[in-house]
file work-v8.txt (compact mmCIF, C-alpha atoms and all ligand atoms)
# COMPACT_ATOMS: atom_id res chain seq x y z
CA LEU K 1 -22.47 22.57 -57.38
CA ILE K 2 -21.30 19.21 -56.05
CA PHE K 3 -18.02 19.74 -54.19
CA ASP K 4 -15.44 17.11 -53.30
CA VAL K 5 -13.67 17.69 -49.95
CA ASP K 6 -10.05 16.41 -49.75
CA GLY K 7 -7.72 18.16 -52.16
CA THR K 8 -10.55 20.32 -53.49
CA LEU K 9 -11.81 22.35 -50.51
CA THR K 10 -9.35 21.23 -47.85
CA ASP K 11 -5.86 19.93 -47.28
CA SER K 12 -5.84 17.84 -44.12
CA ALA K 13 -2.05 17.58 -44.23
CA GLY K 14 -1.96 13.78 -44.03
CA LEU K 15 -3.90 13.73 -40.76
CA THR K 16 -6.65 11.50 -42.21
CA ARG K 17 -4.06 8.80 -42.61
CA VAL K 18 -2.80 9.38 -39.07
CA ALA K 19 -6.34 8.89 -37.70
CA LEU K 20 -6.92 5.77 -39.84
CA GLU K 21 -3.65 4.22 -38.70
CA ARG K 22 -4.28 5.01 -35.06
CA ALA K 23 -7.75 3.43 -35.24
CA ALA K 24 -6.28 0.33 -36.92
CA ARG K 25 -3.59 0.11 -34.24
CA GLU K 26 -6.13 0.34 -31.43
CA ILE K 27 -8.68 -2.08 -32.88
CA TYR K 28 -6.56 -4.58 -34.84
CA ALA K 29 -3.13 -4.07 -33.27
CA ILE K 30 -1.47 -3.38 -36.63
CA ASP K 31 1.03 -0.66 -37.49
CA ASN K 32 1.26 1.34 -40.72
CA ALA K 33 -2.12 -0.07 -41.74
CA THR K 34 -2.51 2.24 -44.75
CA ARG K 35 0.93 1.60 -46.24
CA GLY K 36 0.68 1.15 -49.99
CA ILE K 37 -2.91 2.40 -50.14
CA THR K 38 -3.70 5.33 -52.42
CA ALA K 39 -6.44 7.33 -50.74
CA TYR K 40 -6.85 10.05 -53.36
CA GLY K 41 -10.25 9.98 -55.05
CA GLN K 42 -11.10 6.88 -53.01
CA THR K 43 -14.02 6.18 -50.69
CA ASP K 44 -13.67 5.35 -47.00
CA VAL K 45 -15.31 1.93 -47.53
CA ASN K 46 -12.73 1.01 -50.17
CA ILE K 47 -9.86 2.25 -48.03
CA PHE K 48 -11.10 0.12 -45.12
CA SER K 49 -11.44 -2.92 -47.42
CA GLU K 50 -7.86 -2.42 -48.58
CA ILE K 51 -6.65 -2.12 -44.99
CA LEU K 52 -8.24 -5.49 -44.24
CA VAL K 53 -6.87 -7.18 -47.36
CA ASN K 54 -3.35 -5.72 -47.16
CA ASN K 55 -3.01 -6.72 -43.53
CA ARG K 56 -4.59 -10.15 -44.04
CA LEU K 57 -7.40 -9.45 -41.61
CA ALA K 58 -10.26 -11.83 -42.30
CA VAL K 59 -13.50 -10.47 -40.85
CA GLU K 60 -16.83 -12.21 -40.90
CA ASP K 61 -19.16 -9.26 -40.64
CA PHE K 62 -17.75 -6.43 -42.76
CA GLU K 63 -20.52 -3.94 -41.93
CA ASP K 64 -20.07 -4.51 -38.23
CA HIS K 65 -16.31 -4.00 -38.43
CA PHE K 66 -16.67 -0.95 -40.66
CA THR K 67 -19.09 0.68 -38.19
CA ARG K 68 -16.79 -0.01 -35.26
CA PHE K 69 -13.68 1.11 -37.12
CA THR K 70 -15.18 4.34 -38.45
CA GLY K 71 -16.67 5.16 -35.04
CA ARG K 72 -13.21 5.17 -33.53
CA TYR K 73 -11.68 6.83 -36.61
CA VAL K 74 -14.09 9.79 -36.37
CA THR K 75 -13.32 10.36 -32.68
CA LEU K 76 -9.58 10.28 -33.37
CA LEU K 77 -9.92 12.45 -36.48
CA GLU K 78 -11.68 15.15 -34.47
CA GLU K 79 -8.96 15.14 -31.79
CA ILE K 80 -6.15 15.17 -34.33
CA LEU K 81 -7.61 17.76 -36.75
CA PHE K 82 -8.47 20.27 -34.06
CA ALA K 83 -5.20 19.86 -32.15
CA SER K 84 -3.01 20.46 -35.19
CA PRO K 85 -2.23 23.78 -36.89
CA ARG K 86 -1.51 21.98 -40.17
CA PRO K 87 -4.94 21.49 -41.80
CA ARG K 88 -5.76 24.30 -44.21
CA LEU K 89 -8.24 25.35 -46.81
CA GLN K 90 -7.18 25.34 -50.45
CA PRO K 91 -6.36 28.79 -51.89
CA GLY K 92 -9.38 31.02 -52.48
CA VAL K 93 -11.94 28.63 -51.01
CA LYS K 94 -13.17 30.77 -48.12
CA ASP K 95 -13.91 33.83 -50.28
CA LEU K 96 -15.27 31.70 -53.09
CA LEU K 97 -17.92 29.98 -50.96
CA LEU K 98 -19.06 33.31 -49.55
CA ARG K 99 -19.35 34.81 -53.01
CA LEU K 100 -21.11 31.78 -54.48
CA VAL K 101 -23.84 32.14 -51.87
CA ARG K 102 -24.07 35.93 -51.56
CA GLU K 103 -23.57 37.06 -55.13
CA SER K 104 -24.44 34.08 -57.25
CA GLY K 105 -27.15 32.31 -55.25
CA MET K 106 -25.57 28.95 -56.05
CA ASN K 107 -26.86 25.78 -54.39
CA MET K 108 -24.05 23.70 -52.98
CA VAL K 109 -23.80 20.11 -51.75
CA LEU K 110 -20.95 17.72 -51.00
CA GLY K 111 -19.91 14.74 -53.11
CA THR K 112 -17.11 12.98 -51.25
CA GLY K 113 -15.72 9.54 -50.49
CA ASN K 114 -15.51 10.52 -46.82
CA ILE K 115 -18.15 9.10 -44.52
CA GLU K 116 -20.41 12.00 -43.57
CA PRO K 117 -19.11 12.63 -40.04
CA GLY K 118 -15.52 12.64 -41.34
CA ALA K 119 -16.36 15.09 -44.13
CA ARG K 120 -18.23 17.35 -41.69
CA LEU K 121 -15.25 17.44 -39.29
CA LYS K 122 -12.83 18.37 -42.06
CA LEU K 123 -15.06 21.33 -43.00
CA LYS K 124 -15.92 22.35 -39.42
CA ARG K 125 -12.22 22.64 -38.72
CA HIS K 126 -12.31 25.70 -41.02
CA GLY K 127 -15.85 26.90 -40.32
CA ILE K 128 -17.25 26.07 -43.76
CA ASP K 129 -19.54 23.16 -42.86
CA HIS K 130 -22.70 25.31 -42.96
CA TYR K 131 -22.40 25.92 -46.71
CA PHE K 132 -23.33 22.32 -47.44
CA PRO K 133 -26.75 21.27 -46.14
CA THR K 134 -26.58 17.81 -47.68
CA GLY K 135 -24.58 15.63 -50.04
CA GLY K 136 -23.49 12.15 -51.08
CA PHE K 137 -20.88 10.48 -48.89
CA GLY K 138 -18.65 7.46 -48.54
CA SER K 139 -21.18 6.26 -45.97
CA ASP K 140 -23.79 6.08 -48.77
CA SER K 141 -21.77 4.04 -51.24
CA GLY K 142 -18.27 2.76 -51.87
CA VAL K 143 -18.73 3.60 -55.56
CA ARG K 144 -18.00 7.22 -56.33
CA ALA K 145 -20.39 7.48 -59.28
CA ASP K 146 -23.21 6.26 -57.01
CA LEU K 147 -22.51 8.69 -54.20
CA ILE K 148 -22.28 11.58 -56.69
CA ARG K 149 -25.71 10.64 -58.05
CA ILE K 150 -27.02 10.51 -54.48
CA ALA K 151 -25.53 13.98 -53.88
CA TYR K 152 -27.40 15.27 -56.94
CA GLU K 153 -30.70 13.66 -55.92
CA ARG K 154 -30.48 14.89 -52.32
CA GLY K 155 -29.62 18.38 -53.59
CA CYS K 156 -32.72 18.43 -55.82
CA ARG K 157 -34.86 17.28 -52.89
CA HIS K 158 -33.30 19.62 -50.34
CA PHE K 159 -33.59 22.75 -52.47
CA GLY K 160 -36.89 21.65 -54.04
CA ILE K 161 -35.53 22.19 -57.55
CA PRO K 162 -35.15 19.52 -60.27
CA PHE K 163 -31.81 20.91 -61.43
CA PRO K 164 -31.20 20.16 -65.14
CA LEU K 165 -27.94 18.21 -65.39
CA LYS K 166 -26.56 20.72 -67.88
CA ASP K 167 -26.56 23.26 -65.01
CA VAL K 168 -24.95 20.91 -62.48
CA TRP K 169 -21.19 20.90 -61.87
CA VAL K 170 -19.16 18.20 -60.17
CA ILE K 171 -16.03 19.85 -58.75
CA GLY K 172 -13.07 17.72 -57.74
CA ASP K 173 -9.33 17.15 -57.85
CA THR K 174 -8.95 13.59 -59.18
CA PRO K 175 -9.71 11.56 -62.33
CA ASN K 176 -12.27 9.67 -60.20
CA ASP K 177 -14.24 12.90 -59.67
CA VAL K 178 -14.20 13.53 -63.42
CA ALA K 179 -15.40 9.97 -64.15
CA ALA K 180 -18.19 10.27 -61.57
CA GLY K 181 -19.38 13.58 -63.05
CA ARG K 182 -19.36 12.03 -66.48
CA ALA K 183 -21.42 9.06 -65.24
CA LEU K 184 -23.95 11.50 -63.80
CA GLY K 185 -24.07 13.50 -67.03
CA SER K 186 -23.21 16.84 -65.38
CA LYS K 187 -20.53 19.37 -66.19
CA ILE K 188 -17.14 18.81 -64.55
CA LEU K 189 -14.67 21.31 -63.13
CA ALA K 190 -11.31 19.81 -62.18
CA VAL K 191 -8.90 21.64 -59.91
CA ALA K 192 -5.19 20.85 -59.63
CA THR K 193 -4.82 21.53 -55.88
CA GLY K 194 -4.72 17.84 -54.97
CA MET K 195 -2.24 15.12 -55.87
CA TYR K 196 -2.89 15.28 -59.60
CA ALA K 197 -1.06 17.74 -61.82
CA ARG K 198 -2.91 19.90 -64.31
CA ALA K 199 -1.60 17.83 -67.24
CA GLU K 200 -2.92 14.57 -65.72
CA LEU K 201 -6.36 16.07 -65.16
CA GLU K 202 -6.35 17.50 -68.67
CA THR K 203 -6.16 14.02 -70.17
CA CYS K 204 -9.53 13.25 -68.46
CA GLN K 205 -11.09 16.11 -70.44
CA PRO K 206 -13.11 17.94 -67.78
CA ASP K 207 -15.31 20.79 -69.03
CA ALA K 208 -13.14 23.24 -67.10
CA LEU K 209 -9.78 23.05 -65.39
CA MET K 210 -8.27 25.45 -62.83
CA ASP K 211 -4.93 25.52 -61.03
CA ASP K 212 -6.70 26.57 -57.83
CA PHE K 213 -9.65 28.72 -56.73
CA SER K 214 -7.75 31.91 -55.98
CA ASP K 215 -9.26 33.51 -59.10
CA ASN K 216 -12.84 33.60 -57.78
CA ASP K 217 -14.02 35.67 -60.75
CA ARG K 218 -12.91 33.06 -63.22
CA PHE K 219 -14.60 30.25 -61.26
CA ILE K 220 -17.90 32.15 -61.18
CA ASP K 221 -17.59 32.99 -64.87
CA VAL K 222 -16.96 29.32 -65.76
CA ILE K 223 -19.94 28.11 -63.73
CA ARG K 224 -22.28 30.75 -65.14
CA ASN K 225 -21.23 30.51 -68.76
CA GLY K 226 -20.12 26.89 -69.08
MG MG Z 1 -10.45 14.80 -53.53

call {"tool": "encode", "arguments": {"input": "work-v8.txt", "output": "structure tokens", "more": "lines below"}}
Ligand SMILES: [Mg+2]
result
Amino acid sequence: LIFDVDGTLTDSAGLTRVALERAAREIYAIDNATRGITAYGQTDVNIFSEILVNNRLAVEDFEDHFTRFTGRYVTLLEEILFASPRPRLQPGVKDLLLRLVRESGMNMVLGTGNIEPGARLKLKRHGIDHYFPTGGFGSDSGVRADLIRIAYERGCRHFGIPFPLKDVWVIGDTPNDVAAGRALGSKILAVATGMYARAELETCQPDALMDDFSDNDRFIDVIRNG
């Protein structure tokens, strides 16, 4: 199972944006740096590129700037996430992860546009980081389909199993997750806990679609029986 983070497992209550904007203010002296940028289903690299373009910041060494920016962003994100009572898990997630491991023996990895330290913080905030030994991240690629493939390959290597793609599920809350799963050739489970309504996700034709994960039994049934 390749799980997305934002909108799928967690709701960071807009605090990602707060951390991004604070980092941009400190490093580039710009306010409201993420205005007009849609972060949903995006990767951190793309969000940073858009911040630069939208604010007319011409940088010579993108990699260097990205490393510096994300370094500060991660420090701020940790402070902000852990100081606030607002971040929460999506409905049913905590019980679901426990059941997937204990009862179903499922192998789980992350597939997220977050850079790895950012993704880890968002999960650690709720004590669910340990369920995901590896994954594909926004720090691996700015292209979602690529990082989902990396998640799959690392999962096979980590667990020592060449998982047939027909048994692999990409689980996410945006049309971009669905497209990335399709590019990989896996099954796709879309969940309407993020910014996209059920009807919008339906038009992307995922293999399964759920309103949220509060019905753990149904999730497990879908994964087991296609
Ligand atoms: Mg998401």

call {"tool": "closest_residue", "arguments": {"input": "work-v8.txt", "among": "K:Leu110, K:Ala24, K:Val59, K:Ala151", "to": "ligand MG 1 (chain Z)", "atoms": "all atoms listed in the file"}}
result
K:Leu110

call {"tool": "residues_near_ligand", "arguments": {"input": "work-v8.txt", "ligand": "ligand MG 1 (chain Z)", "cutoff": "9 Å", "atoms": "all atoms listed in the file", "output": "list of chain:residue names"}}
result
K:Asp4, K:Val5, K:Asp6, K:Gly7, K:Thr8, K:Leu9, K:Thr10, K:Ala39, K:Tyr40, K:Gly41, K:Gln42, K:Thr112, K:Gly113, K:Gly172, K:Asp173, K:Thr174, K:Asn176, K:Asp177, K:Gly194, K:Met195

call {"tool": "residues_around", "arguments": {"input": "work-v8.txt", "residues": "Met106 of chain K", "least_positions_apart": "2", "cutoff": "12 Å", "atoms": "only C-alpha atoms", "output": "short mmCIF file (atom, residue, chain, number, x, y, z; two decimals) with C-alpha atoms, in the coordinates of the input"}}
result
data_model
loop_
_atom_site.label_atom_id
_atom_site.label_comp_id
_atom_site.auth_asym_id
_atom_site.auth_seq_id
_atom_site.Cartn_x
_atom_site.Cartn_y
_atom_site.Cartn_z
CA LEU K 1 -22.47 22.57 -57.38
CA ILE K 2 -21.30 19.21 -56.05
CA LEU K 96 -15.27 31.70 -53.09
CA LEU K 97 -17.92 29.98 -50.96
CA LEU K 98 -19.06 33.31 -49.55
CA ARG K 99 -19.35 34.81 -53.01
CA LEU K 100 -21.11 31.78 -54.48
CA VAL K 101 -23.84 32.14 -51.87
CA ARG K 102 -24.07 35.93 -51.56
CA GLU K 103 -23.57 37.06 -55.13
CA SER K 104 -24.44 34.08 -57.25
CA MET K 108 -24.05 23.70 -52.98
CA VAL K 109 -23.80 20.11 -51.75
CA TYR K 131 -22.40 25.92 -46.71
CA PHE K 132 -23.33 22.32 -47.44
CA GLY K 155 -29.62 18.38 -53.59
CA PHE K 159 -33.59 22.75 -52.47
CA PHE K 163 -31.81 20.91 -61.43
CA ASP K 167 -26.56 23.26 -65.01
CA VAL K 168 -24.95 20.91 -62.48
CA TRP K 169 -21.19 20.90 -61.87
CA ILE K 220 -17.90 32.15 -61.18
CA ILE K 223 -19.94 28.11 -63.73
CA ARG K 224 -22.28 30.75 -65.14
#

call {"tool": "atom_distance", "arguments": {"input": "work-v8.txt", "atom1": "atom CA of Asn114 of chain K", "atom2": "atom CA of Thr134 of chain K"}}
result
13.3 Å

call {"tool": "closest_residue", "arguments": {"input": "work-v8.txt", "among": "K:Arg17, K:Arg86, K:His158, K:Arg72", "to": "Arg125 of chain K", "atoms": "only C-alpha atoms"}}
result
K:Arg86

call {"tool": "axis_aligned_box", "arguments": {"input": "work-v8.txt", "around": "segment 23-35 of chain K", "padding_each_side": "8 Å", "output": "lines of an AutoDock Vina configuration file"}}
result
center_x = -3.7
center_y = -0.6
center_z = -38.8
size_x = 25.9
size_y = 24.0
size_z = 30.8

call {"tool": "atom_distance", "arguments": {"input": "work-v8.txt", "atom1": "atom CA of Ser139 of chain K", "atom2": "atom CA of Arg198 of chain K"}}
result
29.3 Å

call {"tool": "closest_residue", "arguments": {"input": "work-v8.txt", "among": "K:Asp95, K:Glu200, K:Asp44, K:Glu26", "to": "Asp215 of chain K", "atoms": "all atoms listed in the file"}}
result
K:Asp95

call {"tool": "closest_residue", "arguments": {"input": "work-v8.txt", "among": "K:Gly160, K:Gly127, K:Gly142, K:Pro206", "to": "Ile47 of chain K", "atoms": "all atoms listed in the file"}}
result
K:Gly142

call {"tool": "closest_residue", "arguments": {"input": "work-v8.txt", "among": "K:Ala199, K:Cys156, K:Leu209, K:Ile30", "to": "Val178 of chain K", "atoms": "all atoms listed in the file"}}
result
K:Leu209

call {"tool": "residues_around", "arguments": {"input": "work-v8.txt", "residues": "Pro175 of chain K", "least_positions_apart": "3", "cutoff": "7 Å", "atoms": "only C-alpha atoms", "output": "JSON list (two decimals) with C-alpha atoms, in the coordinates of the input"}}
result
[["chain", "number", "residue", "atom", "x", "y", "z"],
["K", 178, "VAL", "CA", -14.20, 13.53, -63.42],
["K", 179, "ALA", "CA", -15.40, 9.97, -64.15],
["K", 201, "LEU", "CA", -6.36, 16.07, -65.16],
["K", 204, "CYS", "CA", -9.53, 13.25, -68.46]]

call {"tool": "residues_around", "arguments": {"input": "work-v8.txt", "residues": "segment 18-21 of chain K", "least_positions_apart": "3", "cutoff": "10 Å", "atoms": "all atoms listed in the file", "output": "ChimeraX atom specification"}}
result
/K:13-15,24-27,29-35,44,47-48,51,69-70,72-81

call {"tool": "write_last_selection", "arguments": {"input": "work-v8.txt", "atoms": "C-alpha atoms", "output": "mmCIF file, keeping the file's coordinate frame"}}
result
data_model
loop_
_atom_site.group_PDB
_atom_site.id
_atom_site.type_symbol
_atom_site.label_atom_id
_atom_site.label_comp_id
_atom_site.auth_asym_id
_atom_site.auth_seq_id
_atom_site.Cartn_x
_atom_site.Cartn_y
_atom_site.Cartn_z
ATOM 1 C CA ALA K 13 -2.050 17.580 -44.230
ATOM 2 C CA GLY K 14 -1.960 13.780 -44.030
ATOM 3 C CA LEU K 15 -3.900 13.730 -40.760
ATOM 4 C CA ALA K 24 -6.280 0.330 -36.920
ATOM 5 C CA ARG K 25 -3.590 0.110 -34.240
ATOM 6 C CA GLU K 26 -6.130 0.340 -31.430
ATOM 7 C CA ILE K 27 -8.680 -2.080 -32.880
ATOM 8 C CA ALA K 29 -3.130 -4.070 -33.270
ATOM 9 C CA ILE K 30 -1.470 -3.380 -36.630
ATOM 10 C CA ASP K 31 1.030 -0.660 -37.490
ATOM 11 C CA ASN K 32 1.260 1.340 -40.720
ATOM 12 C CA ALA K 33 -2.120 -0.070 -41.740
ATOM 13 C CA THR K 34 -2.510 2.240 -44.750
ATOM 14 C CA ARG K 35 0.930 1.600 -46.240
ATOM 15 C CA ASP K 44 -13.670 5.350 -47.000
ATOM 16 C CA ILE K 47 -9.860 2.250 -48.030
ATOM 17 C CA PHE K 48 -11.100 0.120 -45.120
ATOM 18 C CA ILE K 51 -6.650 -2.120 -44.990
ATOM 19 C CA PHE K 69 -13.680 1.110 -37.120
ATOM 20 C CA THR K 70 -15.180 4.340 -38.450
ATOM 21 C CA ARG K 72 -13.210 5.170 -33.530
ATOM 22 C CA TYR K 73 -11.680 6.830 -36.610
ATOM 23 C CA VAL K 74 -14.090 9.790 -36.370
ATOM 24 C CA THR K 75 -13.320 10.360 -32.680
ATOM 25 C CA LEU K 76 -9.580 10.280 -33.370
ATOM 26 C CA LEU K 77 -9.920 12.450 -36.480
ATOM 27 C CA GLU K 78 -11.680 15.150 -34.470
ATOM 28 C CA GLU K 79 -8.960 15.140 -31.790
ATOM 29 C CA ILE K 80 -6.150 15.170 -34.330
ATOM 30 C CA LEU K 81 -7.610 17.760 -36.750
#
